[in-house]
Amino acid sequence: MGREAWSLWEVFVRSRAGLAHQHVGSLHAADAEMALENARDVYTRRGEGASLWVVPATAIVASDPADSSSFFALDEEFRHPTHYVVPDGVTGI
Amino acid sequence: MGDHSVEALLRVGDSCLVLAQRLTGWCGHAPALEEDIALANIALDVLGHARGLLTRAGELEGAGRDEDALAYLRGAEEFRNLLLVEQPNGDFAHTVVRQFLFDAWTAELWKGLAESSDEVVAGIAEKAAKESAYHVRHSSGWVVRLGDGTEESHRRMLAALEDLWPYAGEAFLDDEVDVAAVEARLVPLPSSLEKPWRARVSYVLEEATLPVPPDPWWQRGGRQGRHSEHLSYLLAEMQVVHRAHPGVQW
């Protein structure tokens with residue numbers, strides 16, 4: 001079996017119920033079932049996860065790094081909630 | 001507890017230990033990185049089963065032998081593993097077929113051992129059952145993929161099945177040790193596992209478009225300490241460090 005026959009999959013792990021699935025890496029597999037088993041073996045060996053997603057890498061739509069200066073709000077500092085004075089005694093923030 | 005208890009546990013524990021050693025031979029050599037890690041995971045699981053059973057066998061024996069003494073300081077004729085697991089790794093098809101035949105056996109074996117009158121053994125079996133359930137899923141998947149794969153993979157799987165099938169039946173041949181251990185309700189009777197094992201093997205092989213080979217004269221003797229020449233080489237490699245540096249730890 002040639003490696004070229006195995007497609008690339010992105011792997012997402014949810015560490016416990018209530019949290020979001022986080023991207024942890026990628027792997028190669030021949031189909032969805034093998035991708036799930038490989039993800040289990042490669043990324044959850046030490047009990048890292050309670051749930052796994054595998055997604056064909058071709059299904060990911062990515063932004064273009066060349067566009068990042070116009071695409072992302074890099075200079076809009078006013079959007080950061082850092083200009084407030086938090087009164088003494090306020091907790092829970 | 002009599003000698004039959006120790007023998008019966010070694011038959012299972014040694015089979016796990018020798019297979020784990022075989023599987024580690026793939027480390028860094030498997031056909032794909034992902035499968036390399038999968039085989040190493042399985043090897044570690046199976047080694048864990050061996051450690052538990054050897055430790056318990058040593059306790060029941062009462063001669064002061066721990067898991068290391070049993071694993072590293074016995075000769076080939078003192079091992080009680082199935083002949084199946086000492087067979088060489090061969091190509092990936094041989095490893096897959098050997099693993100599948102073994103996993104289909106342990107999947108039934110742990111169910112029986114979970115009912116053992118020995119609570120330690122029952123505990124080991126209960127944990128092992130969960131791990132083996134994954135192993136058999138993994139190896140069944142490969143049997144189907146390669147059996148019903150390309151012309152080349154099908155041919156290799158046929159060859160592997162032909163080579164290894166004569167070793168498949170040993171696990172189900174009862175002898176007086178088994179009967180005594182069953183009377184003590186320590187282990188299930190080997191022959192009682194054959195029917196569900198065959199059902200699973202037939203189902204998966206059919207899915208894989210591979211024929212179930214006709215029953216040959218089953219190769220036997222491993223469980224009584226009579227082994228093929230392969231085991232001595234395997235043990236030499238496995239035991240060399242411990243024998244050169246007794247009690248070494250790192």
# chains A, B, ... in the order shown; residues from 1 in each chain; ligands from 1

$ select_by_dssp --residues "region 1-245 of chain B" --states "alpha helix (DSSP H)" --output "compact mmCIF listing (two decimals) with N, CA and C atoms, in the first residue's frame"
# COMPACT_ATOMS: atom_id res chain seq x y z
N ASP B 3 0.12 -26.76 41.80
CA ASP B 3 0.93 -26.39 40.64
C ASP B 3 0.08 -26.08 39.42
N HIS B 4 -1.08 -26.76 39.31
CA HIS B 4 -1.90 -26.55 38.13
C HIS B 4 -2.36 -25.10 38.02
N SER B 5 -2.53 -24.43 39.16
CA SER B 5 -2.95 -23.03 39.12
C SER B 5 -1.85 -22.17 38.52
N VAL B 6 -0.62 -22.40 38.97
CA VAL B 6 0.52 -21.65 38.46
C VAL B 6 0.68 -21.91 36.96
N GLU B 7 0.61 -23.19 36.59
CA GLU B 7 0.73 -23.57 35.18
C GLU B 7 -0.34 -22.89 34.33
N ALA B 8 -1.56 -22.93 34.82
CA ALA B 8 -2.68 -22.38 34.04
C ALA B 8 -2.50 -20.88 33.82
N LEU B 9 -2.03 -20.19 34.84
CA LEU B 9 -1.83 -18.73 34.69
C LEU B 9 -0.64 -18.43 33.78
N LEU B 10 0.41 -19.26 33.88
CA LEU B 10 1.57 -19.05 33.00
C LEU B 10 1.19 -19.27 31.54
N ARG B 11 0.29 -20.17 31.28
CA ARG B 11 -0.11 -20.44 29.89
C ARG B 11 -0.68 -19.19 29.24
N VAL B 12 -1.44 -18.45 30.02
CA VAL B 12 -2.00 -17.20 29.49
C VAL B 12 -0.96 -16.08 29.55
N GLY B 13 -0.34 -15.94 30.72
CA GLY B 13 0.62 -14.85 30.93
C GLY B 13 1.80 -14.93 29.97
N ASP B 14 2.34 -16.12 29.78
CA ASP B 14 3.47 -16.27 28.86
C ASP B 14 3.06 -15.97 27.41
N SER B 15 1.85 -16.36 27.05
CA SER B 15 1.38 -16.05 25.68
C SER B 15 1.34 -14.54 25.47
N CYS B 16 0.88 -13.83 26.49
CA CYS B 16 0.84 -12.36 26.38
C CYS B 16 2.26 -11.80 26.32
N LEU B 17 3.14 -12.31 27.17
CA LEU B 17 4.51 -11.79 27.24
C LEU B 17 5.25 -11.98 25.91
N VAL B 18 5.16 -13.18 25.36
CA VAL B 18 5.90 -13.48 24.13
C VAL B 18 5.33 -12.67 22.96
N LEU B 19 4.01 -12.53 22.91
CA LEU B 19 3.43 -11.72 21.84
C LEU B 19 3.86 -10.26 21.96
N ALA B 20 3.90 -9.76 23.20
CA ALA B 20 4.33 -8.36 23.41
C ALA B 20 5.75 -8.17 22.89
N GLN B 21 6.61 -9.14 23.17
CA GLN B 21 7.99 -9.05 22.70
C GLN B 21 8.04 -9.09 21.17
N ARG B 22 7.24 -9.95 20.57
CA ARG B 22 7.18 -10.00 19.10
C ARG B 22 6.75 -8.64 18.53
N LEU B 23 5.70 -8.08 19.12
CA LEU B 23 5.14 -6.82 18.58
C LEU B 23 6.14 -5.67 18.70
N THR B 24 6.95 -5.69 19.75
CA THR B 24 7.90 -4.59 19.90
C THR B 24 8.93 -4.62 18.76
N LEU B 33 3.65 5.43 10.24
CA LEU B 33 3.89 5.95 11.59
C LEU B 33 2.71 5.65 12.52
N GLU B 34 1.50 5.86 11.99
CA GLU B 34 0.31 5.68 12.81
C GLU B 34 0.19 4.23 13.28
N GLU B 35 0.49 3.29 12.37
CA GLU B 35 0.39 1.87 12.72
C GLU B 35 1.53 1.46 13.65
N ASP B 36 2.65 2.10 13.51
CA ASP B 36 3.78 1.87 14.40
C ASP B 36 3.36 2.14 15.84
N ILE B 37 2.71 3.27 16.03
CA ILE B 37 2.26 3.65 17.38
C ILE B 37 1.16 2.71 17.85
N ALA B 38 0.26 2.35 16.93
CA ALA B 38 -0.84 1.44 17.30
C ALA B 38 -0.28 0.10 17.78
N LEU B 39 0.70 -0.44 17.07
CA LEU B 39 1.27 -1.74 17.46
C LEU B 39 2.02 -1.62 18.79
N ALA B 40 2.71 -0.50 18.99
CA ALA B 40 3.40 -0.30 20.27
C ALA B 40 2.39 -0.20 21.42
N ASN B 41 1.27 0.47 21.16
CA ASN B 41 0.22 0.56 22.19
C ASN B 41 -0.30 -0.83 22.55
N ILE B 42 -0.54 -1.63 21.51
CA ILE B 42 -1.07 -2.98 21.75
C ILE B 42 -0.04 -3.81 22.51
N ALA B 43 1.23 -3.67 22.10
CA ALA B 43 2.30 -4.41 22.80
C ALA B 43 2.31 -4.05 24.29
N LEU B 44 2.19 -2.77 24.59
CA LEU B 44 2.20 -2.34 25.99
C LEU B 44 1.00 -2.88 26.75
N ASP B 45 -0.16 -2.87 26.10
CA ASP B 45 -1.36 -3.42 26.76
C ASP B 45 -1.14 -4.89 27.09
N VAL B 46 -0.67 -5.63 26.09
CA VAL B 46 -0.52 -7.08 26.25
C VAL B 46 0.58 -7.38 27.27
N LEU B 47 1.62 -6.57 27.28
CA LEU B 47 2.67 -6.72 28.29
C LEU B 47 2.10 -6.49 29.69
N GLY B 48 1.20 -5.54 29.78
CA GLY B 48 0.54 -5.27 31.07
C GLY B 48 -0.24 -6.49 31.56
N HIS B 49 -0.93 -7.17 30.62
CA HIS B 49 -1.68 -8.37 31.00
C HIS B 49 -0.71 -9.45 31.49
N ALA B 50 0.43 -9.56 30.78
CA ALA B 50 1.43 -10.56 31.16
C ALA B 50 1.97 -10.26 32.57
N ARG B 51 2.27 -9.02 32.84
CA ARG B 51 2.85 -8.66 34.14
C ARG B 51 1.91 -9.05 35.28
N GLY B 52 0.63 -8.72 35.11
CA GLY B 52 -0.33 -9.05 36.15
C GLY B 52 -0.41 -10.55 36.39
N LEU B 53 -0.46 -11.31 35.30
CA LEU B 53 -0.64 -12.76 35.43
C LEU B 53 0.62 -13.44 35.95
N LEU B 54 1.79 -12.97 35.49
CA LEU B 54 3.04 -13.56 35.99
C LEU B 54 3.25 -13.26 37.47
N THR B 55 2.92 -12.03 37.84
CA THR B 55 3.03 -11.66 39.25
C THR B 55 2.15 -12.57 40.10
N ARG B 56 0.90 -12.76 39.64
CA ARG B 56 -0.03 -13.59 40.40
C ARG B 56 0.43 -15.05 40.42
N ALA B 57 0.95 -15.53 39.29
CA ALA B 57 1.45 -16.90 39.23
C ALA B 57 2.59 -17.08 40.24
N GLY B 58 3.47 -16.09 40.31
CA GLY B 58 4.57 -16.14 41.26
C GLY B 58 4.09 -16.16 42.71
N GLU B 59 3.05 -15.39 43.00
CA GLU B 59 2.49 -15.37 44.36
C GLU B 59 1.88 -16.73 44.72
N LEU B 60 1.14 -17.30 43.76
CA LEU B 60 0.50 -18.59 44.03
C LEU B 60 1.54 -19.70 44.17
N GLU B 61 2.62 -19.55 43.41
CA GLU B 61 3.68 -20.55 43.48
C GLU B 61 4.33 -20.54 44.87
N GLU B 67 7.56 -11.15 38.90
CA GLU B 67 7.35 -11.12 37.45
C GLU B 67 8.68 -11.13 36.69
N ASP B 68 9.67 -10.42 37.22
CA ASP B 68 10.98 -10.38 36.55
C ASP B 68 11.66 -11.74 36.56
N ALA B 69 11.62 -12.40 37.69
CA ALA B 69 12.24 -13.72 37.77
C ALA B 69 11.59 -14.67 36.77
N LEU B 70 10.27 -14.58 36.65
CA LEU B 70 9.57 -15.48 35.72
C LEU B 70 9.80 -15.08 34.27
N ALA B 71 9.86 -13.80 33.99
CA ALA B 71 10.02 -13.36 32.60
C ALA B 71 11.45 -13.53 32.12
N TYR B 72 12.42 -13.24 32.98
CA TYR B 72 13.80 -13.11 32.52
C TYR B 72 14.71 -14.27 32.90
N LEU B 83 2.20 -21.77 20.76
CA LEU B 83 3.16 -21.72 19.65
C LEU B 83 2.85 -20.56 18.71
N LEU B 84 1.58 -20.21 18.60
CA LEU B 84 1.17 -19.14 17.69
C LEU B 84 1.96 -17.85 17.92
N VAL B 85 2.10 -17.47 19.19
CA VAL B 85 2.65 -16.13 19.47
C VAL B 85 4.17 -16.06 19.30
N GLU B 86 4.83 -17.20 19.27
CA GLU B 86 6.30 -17.16 19.09
C GLU B 86 6.66 -17.19 17.60
N PHE B 92 3.81 -7.87 7.10
CA PHE B 92 2.74 -7.27 7.91
C PHE B 92 1.50 -8.16 7.93
N ALA B 93 1.25 -8.88 6.84
CA ALA B 93 0.09 -9.79 6.78
C ALA B 93 0.21 -10.87 7.85
N HIS B 94 1.41 -11.44 8.02
CA HIS B 94 1.60 -12.47 9.05
C HIS B 94 1.34 -11.89 10.45
N THR B 95 1.85 -10.69 10.68
CA THR B 95 1.63 -10.06 11.99
C THR B 95 0.15 -9.80 12.23
N VAL B 96 -0.55 -9.36 11.18
CA VAL B 96 -1.98 -9.07 11.31
C VAL B 96 -2.77 -10.36 11.57
N VAL B 97 -2.46 -11.42 10.84
CA VAL B 97 -3.21 -12.68 11.03
C VAL B 97 -2.94 -13.26 12.41
N ARG B 98 -1.66 -13.27 12.82
CA ARG B 98 -1.31 -13.78 14.16
C ARG B 98 -2.05 -12.99 15.23
N GLN B 99 -2.05 -11.66 15.08
CA GLN B 99 -2.71 -10.80 16.06
C GLN B 99 -4.21 -11.05 16.10
N PHE B 100 -4.80 -11.19 14.93
CA PHE B 100 -6.25 -11.39 14.87
C PHE B 100 -6.65 -12.72 15.52
N LEU B 101 -5.92 -13.79 15.20
CA LEU B 101 -6.24 -15.10 15.79
C LEU B 101 -6.08 -15.04 17.30
N PHE B 102 -5.07 -14.32 17.77
CA PHE B 102 -4.84 -14.17 19.21
C PHE B 102 -5.94 -13.30 19.85
N ASP B 103 -6.21 -12.15 19.25
CA ASP B 103 -7.20 -11.23 19.82
C ASP B 103 -8.59 -11.87 19.90
N ALA B 104 -8.92 -12.66 18.86
CA ALA B 104 -10.23 -13.31 18.86
C ALA B 104 -10.31 -14.34 19.99
N TRP B 105 -9.15 -14.91 20.36
CA TRP B 105 -9.10 -15.85 21.49
C TRP B 105 -9.21 -15.10 22.82
N THR B 106 -8.37 -14.07 23.00
CA THR B 106 -8.39 -13.37 24.30
C THR B 106 -9.72 -12.66 24.54
N ALA B 107 -10.37 -12.23 23.46
CA ALA B 107 -11.67 -11.58 23.64
C ALA B 107 -12.63 -12.51 24.39
N GLU B 108 -12.54 -13.81 24.11
CA GLU B 108 -13.38 -14.79 24.82
C GLU B 108 -12.76 -15.18 26.16
N LEU B 109 -11.43 -15.29 26.16
CA LEU B 109 -10.72 -15.75 27.36
C LEU B 109 -10.96 -14.84 28.56
N TRP B 110 -10.85 -13.52 28.33
CA TRP B 110 -10.99 -12.59 29.46
C TRP B 110 -12.38 -12.67 30.07
N LYS B 111 -13.39 -12.90 29.22
CA LYS B 111 -14.76 -13.04 29.77
C LYS B 111 -14.79 -14.18 30.77
N GLY B 112 -14.15 -15.29 30.41
CA GLY B 112 -14.13 -16.44 31.31
C GLY B 112 -13.29 -16.17 32.54
N LEU B 113 -12.13 -15.53 32.35
CA LEU B 113 -11.25 -15.26 33.49
C LEU B 113 -11.84 -14.22 34.44
N GLU B 119 -9.69 -13.54 42.89
CA GLU B 119 -10.13 -12.16 42.66
C GLU B 119 -9.10 -11.33 41.92
N VAL B 120 -7.83 -11.62 42.16
CA VAL B 120 -6.78 -10.87 41.46
C VAL B 120 -6.85 -11.16 39.96
N VAL B 121 -6.99 -12.43 39.63
CA VAL B 121 -7.10 -12.82 38.22
C VAL B 121 -8.35 -12.20 37.60
N ALA B 122 -9.45 -12.24 38.31
CA ALA B 122 -10.69 -11.67 37.79
C ALA B 122 -10.52 -10.17 37.52
N GLY B 123 -9.80 -9.50 38.40
CA GLY B 123 -9.56 -8.06 38.23
C GLY B 123 -8.71 -7.77 37.01
N ILE B 124 -7.66 -8.56 36.83
CA ILE B 124 -6.80 -8.40 35.65
C ILE B 124 -7.63 -8.60 34.38
N ALA B 125 -8.46 -9.64 34.40
CA ALA B 125 -9.25 -9.99 33.21
C ALA B 125 -10.26 -8.90 32.87
N GLU B 126 -10.83 -8.31 33.90
CA GLU B 126 -11.84 -7.29 33.66
C GLU B 126 -11.24 -6.08 32.94
N LYS B 127 -10.04 -5.68 33.38
CA LYS B 127 -9.37 -4.56 32.74
C LYS B 127 -8.90 -4.95 31.34
N ALA B 128 -8.34 -6.15 31.24
CA ALA B 128 -7.80 -6.61 29.96
C ALA B 128 -8.89 -6.72 28.90
N ALA B 129 -10.10 -7.08 29.33
CA ALA B 129 -11.20 -7.27 28.37
C ALA B 129 -11.45 -6.00 27.58
N LYS B 130 -11.37 -4.86 28.28
CA LYS B 130 -11.63 -3.58 27.60
C LYS B 130 -10.55 -3.31 26.56
N GLU B 131 -9.30 -3.59 26.93
CA GLU B 131 -8.21 -3.32 26.00
C GLU B 131 -8.26 -4.30 24.81
N SER B 132 -8.53 -5.56 25.10
CA SER B 132 -8.58 -6.54 24.02
C SER B 132 -9.74 -6.28 23.07
N ALA B 133 -10.82 -5.70 23.59
CA ALA B 133 -11.95 -5.37 22.71
C ALA B 133 -11.49 -4.39 21.64
N TYR B 134 -10.59 -3.48 22.02
CA TYR B 134 -10.05 -2.57 21.00
C TYR B 134 -9.07 -3.29 20.08
N HIS B 135 -8.24 -4.16 20.65
CA HIS B 135 -7.26 -4.88 19.83
C HIS B 135 -7.94 -5.67 18.72
N VAL B 136 -9.00 -6.37 19.08
CA VAL B 136 -9.65 -7.23 18.08
C VAL B 136 -10.36 -6.38 17.03
N ARG B 137 -10.81 -5.22 17.42
CA ARG B 137 -11.40 -4.29 16.44
C ARG B 137 -10.31 -3.84 15.45
N HIS B 138 -9.15 -3.53 16.00
CA HIS B 138 -8.04 -3.06 15.18
C HIS B 138 -7.55 -4.16 14.22
N SER B 139 -7.31 -5.35 14.76
CA SER B 139 -6.77 -6.42 13.91
C SER B 139 -7.83 -6.92 12.92
N SER B 140 -9.10 -6.97 13.33
CA SER B 140 -10.16 -7.37 12.40
C SER B 140 -10.21 -6.38 11.23
N GLY B 141 -10.06 -5.11 11.55
CA GLY B 141 -10.08 -4.08 10.51
C GLY B 141 -9.00 -4.32 9.47
N TRP B 142 -7.81 -4.67 9.95
CA TRP B 142 -6.71 -4.94 9.02
C TRP B 142 -6.93 -6.21 8.21
N VAL B 143 -7.50 -7.23 8.85
CA VAL B 143 -7.78 -8.48 8.12
C VAL B 143 -8.70 -8.17 6.94
N VAL B 144 -9.74 -7.40 7.20
CA VAL B 144 -10.71 -7.08 6.14
C VAL B 144 -10.07 -6.19 5.07
N ARG B 145 -9.37 -5.17 5.53
CA ARG B 145 -8.72 -4.24 4.59
C ARG B 145 -7.76 -4.95 3.64
N LEU B 146 -6.92 -5.80 4.21
CA LEU B 146 -5.89 -6.45 3.39
C LEU B 146 -6.45 -7.66 2.65
N GLY B 147 -7.36 -8.39 3.28
CA GLY B 147 -7.97 -9.54 2.61
C GLY B 147 -8.78 -9.09 1.41
N GLU B 151 -4.84 -7.18 -5.10
CA GLU B 151 -4.47 -8.55 -5.43
C GLU B 151 -3.27 -8.99 -4.57
N GLU B 152 -2.32 -8.05 -4.45
CA GLU B 152 -1.11 -8.32 -3.68
C GLU B 152 -1.41 -8.56 -2.20
N SER B 153 -2.24 -7.69 -1.62
CA SER B 153 -2.53 -7.84 -0.19
C SER B 153 -3.34 -9.11 0.06
N HIS B 154 -4.26 -9.44 -0.84
CA HIS B 154 -5.06 -10.66 -0.71
C HIS B 154 -4.14 -11.89 -0.75
N ARG B 155 -3.21 -11.89 -1.69
CA ARG B 155 -2.28 -13.01 -1.83
C ARG B 155 -1.44 -13.19 -0.56
N ARG B 156 -0.97 -12.08 -0.02
CA ARG B 156 -0.16 -12.15 1.20
C ARG B 156 -0.97 -12.63 2.40
N MET B 157 -2.23 -12.19 2.48
CA MET B 157 -3.08 -12.62 3.59
C MET B 157 -3.39 -14.11 3.50
N LEU B 158 -3.61 -14.59 2.27
CA LEU B 158 -3.84 -16.03 2.08
C LEU B 158 -2.63 -16.84 2.55
N ALA B 159 -1.44 -16.35 2.18
CA ALA B 159 -0.21 -17.04 2.56
C ALA B 159 -0.04 -17.04 4.08
N ALA B 160 -0.31 -15.91 4.70
CA ALA B 160 -0.17 -15.79 6.16
C ALA B 160 -1.15 -16.72 6.87
N LEU B 161 -2.37 -16.75 6.36
CA LEU B 161 -3.40 -17.60 6.96
C LEU B 161 -3.01 -19.08 6.85
N GLU B 162 -2.49 -19.43 5.70
CA GLU B 162 -2.05 -20.82 5.48
C GLU B 162 -0.91 -21.19 6.43
N ASP B 163 0.03 -20.26 6.62
CA ASP B 163 1.18 -20.52 7.51
C ASP B 163 0.77 -20.62 8.97
N LEU B 164 -0.16 -19.75 9.40
CA LEU B 164 -0.42 -19.62 10.83
C LEU B 164 -1.62 -20.43 11.32
N GLU B 176 -4.80 -32.20 31.36
CA GLU B 176 -5.15 -32.41 32.77
C GLU B 176 -4.90 -31.17 33.63
N VAL B 177 -3.95 -30.35 33.23
CA VAL B 177 -3.71 -29.10 33.97
C VAL B 177 -4.94 -28.20 33.88
N ASP B 178 -5.47 -28.08 32.66
CA ASP B 178 -6.66 -27.25 32.45
C ASP B 178 -7.83 -27.77 33.28
N VAL B 179 -8.03 -29.09 33.22
CA VAL B 179 -9.17 -29.68 33.93
C VAL B 179 -9.06 -29.40 35.43
N ALA B 180 -7.85 -29.54 35.98
CA ALA B 180 -7.66 -29.27 37.42
C ALA B 180 -7.89 -27.80 37.74
N ALA B 181 -7.40 -26.92 36.86
CA ALA B 181 -7.58 -25.48 37.11
C ALA B 181 -9.04 -25.06 36.95
N VAL B 182 -9.74 -25.76 36.08
CA VAL B 182 -11.17 -25.48 35.91
C VAL B 182 -11.94 -25.95 37.14
N GLU B 183 -11.53 -27.08 37.70
CA GLU B 183 -12.19 -27.58 38.91
C GLU B 183 -12.04 -26.59 40.05
N GLU B 194 -13.82 -22.27 22.06
CA GLU B 194 -13.61 -22.49 20.63
C GLU B 194 -14.80 -22.02 19.79
N LYS B 195 -16.01 -22.30 20.26
CA LYS B 195 -17.18 -22.00 19.44
C LYS B 195 -17.32 -20.49 19.17
N PRO B 196 -17.30 -19.65 20.22
CA PRO B 196 -17.39 -18.21 19.94
C PRO B 196 -16.18 -17.69 19.15
N TRP B 197 -15.01 -18.27 19.38
CA TRP B 197 -13.81 -17.88 18.62
C TRP B 197 -14.02 -18.16 17.14
N ARG B 198 -14.50 -19.37 16.83
CA ARG B 198 -14.74 -19.74 15.44
C ARG B 198 -15.79 -18.83 14.79
N ALA B 199 -16.80 -18.49 15.56
CA ALA B 199 -17.87 -17.65 15.01
C ALA B 199 -17.28 -16.30 14.57
N ARG B 200 -16.44 -15.73 15.43
CA ARG B 200 -15.86 -14.43 15.09
C ARG B 200 -14.88 -14.55 13.91
N VAL B 201 -14.04 -15.56 13.97
CA VAL B 201 -13.04 -15.74 12.92
C VAL B 201 -13.72 -15.95 11.56
N SER B 202 -14.75 -16.78 11.54
CA SER B 202 -15.46 -17.04 10.27
C SER B 202 -16.09 -15.76 9.74
N TYR B 203 -16.71 -15.02 10.64
CA TYR B 203 -17.39 -13.80 10.23
C TYR B 203 -16.41 -12.79 9.60
N VAL B 204 -15.28 -12.61 10.28
CA VAL B 204 -14.31 -11.62 9.80
C VAL B 204 -13.64 -12.09 8.51
N LEU B 205 -13.29 -13.38 8.45
CA LEU B 205 -12.64 -13.88 7.23
C LEU B 205 -13.58 -13.78 6.04
N GLU B 206 -14.85 -14.04 6.28
CA GLU B 206 -15.81 -13.94 5.18
C GLU B 206 -15.88 -12.49 4.67
N GLU B 207 -15.93 -11.58 5.64
CA GLU B 207 -15.93 -10.15 5.31
C GLU B 207 -14.68 -9.80 4.49
N HIS B 230 12.01 -20.91 17.36
CA HIS B 230 11.93 -19.45 17.38
C HIS B 230 11.99 -18.87 18.80
N LEU B 231 11.44 -19.63 19.76
CA LEU B 231 11.30 -19.04 21.10
C LEU B 231 12.65 -18.76 21.76
N SER B 232 13.62 -19.64 21.56
CA SER B 232 14.92 -19.45 22.21
C SER B 232 15.58 -18.14 21.78
N TYR B 233 15.48 -17.87 20.49
CA TYR B 233 16.08 -16.62 19.98
C TYR B 233 15.36 -15.41 20.56
N LEU B 234 14.03 -15.52 20.59
CA LEU B 234 13.24 -14.41 21.14
C LEU B 234 13.62 -14.16 22.60
N LEU B 235 13.72 -15.24 23.37
CA LEU B 235 14.03 -15.09 24.79
C LEU B 235 15.45 -14.57 25.00
N ALA B 236 16.37 -15.03 24.15
CA ALA B 236 17.76 -14.56 24.28
C ALA B 236 17.80 -13.04 24.19
N GLU B 237 17.06 -12.51 23.23
CA GLU B 237 17.05 -11.06 23.06
C GLU B 237 16.34 -10.38 24.23
N MET B 238 15.21 -10.97 24.63
CA MET B 238 14.41 -10.35 25.69
C MET B 238 15.13 -10.39 27.04
N GLN B 239 15.90 -11.44 27.26
CA GLN B 239 16.46 -11.65 28.60
C GLN B 239 17.91 -11.19 28.75
N VAL B 240 18.56 -10.80 27.65
CA VAL B 240 20.00 -10.60 27.70
C VAL B 240 20.44 -9.54 28.71
N VAL B 241 19.70 -8.45 28.78
CA VAL B 241 20.11 -7.37 29.69
C VAL B 241 19.97 -7.82 31.15
N HIS B 242 18.83 -8.45 31.44
CA HIS B 242 18.60 -8.88 32.82
C HIS B 242 19.60 -9.94 33.25
N ARG B 243 19.94 -10.82 32.30
CA ARG B 243 20.88 -11.90 32.67
C ARG B 243 22.31 -11.34 32.81
N ALA B 244 22.64 -10.32 32.01
CA ALA B 244 23.98 -9.73 32.11
C ALA B 244 24.11 -8.87 33.36

$ residues_around --residues "Val24 (chain A)" --least-positions-apart "6" --cutoff "12 Å" --atoms "only C-alpha atoms" --output "MDAnalysis selection string"
chainID A and resid 9:15 39:40 42:44 48:49 52:55

$ interface_residues --of "chain A" --to "chain B" --cutoff "8 Å" --atoms "only C-alpha atoms" --output "JSON, numbers by chain"
{"A": [3, 27, 28, 37, 38, 41, 42, 45]}

$ atom_distance --atom1 "CA of Ala35 (chain A)" --atom2 "CA of Asp64 (chain A)"
26.7 Å
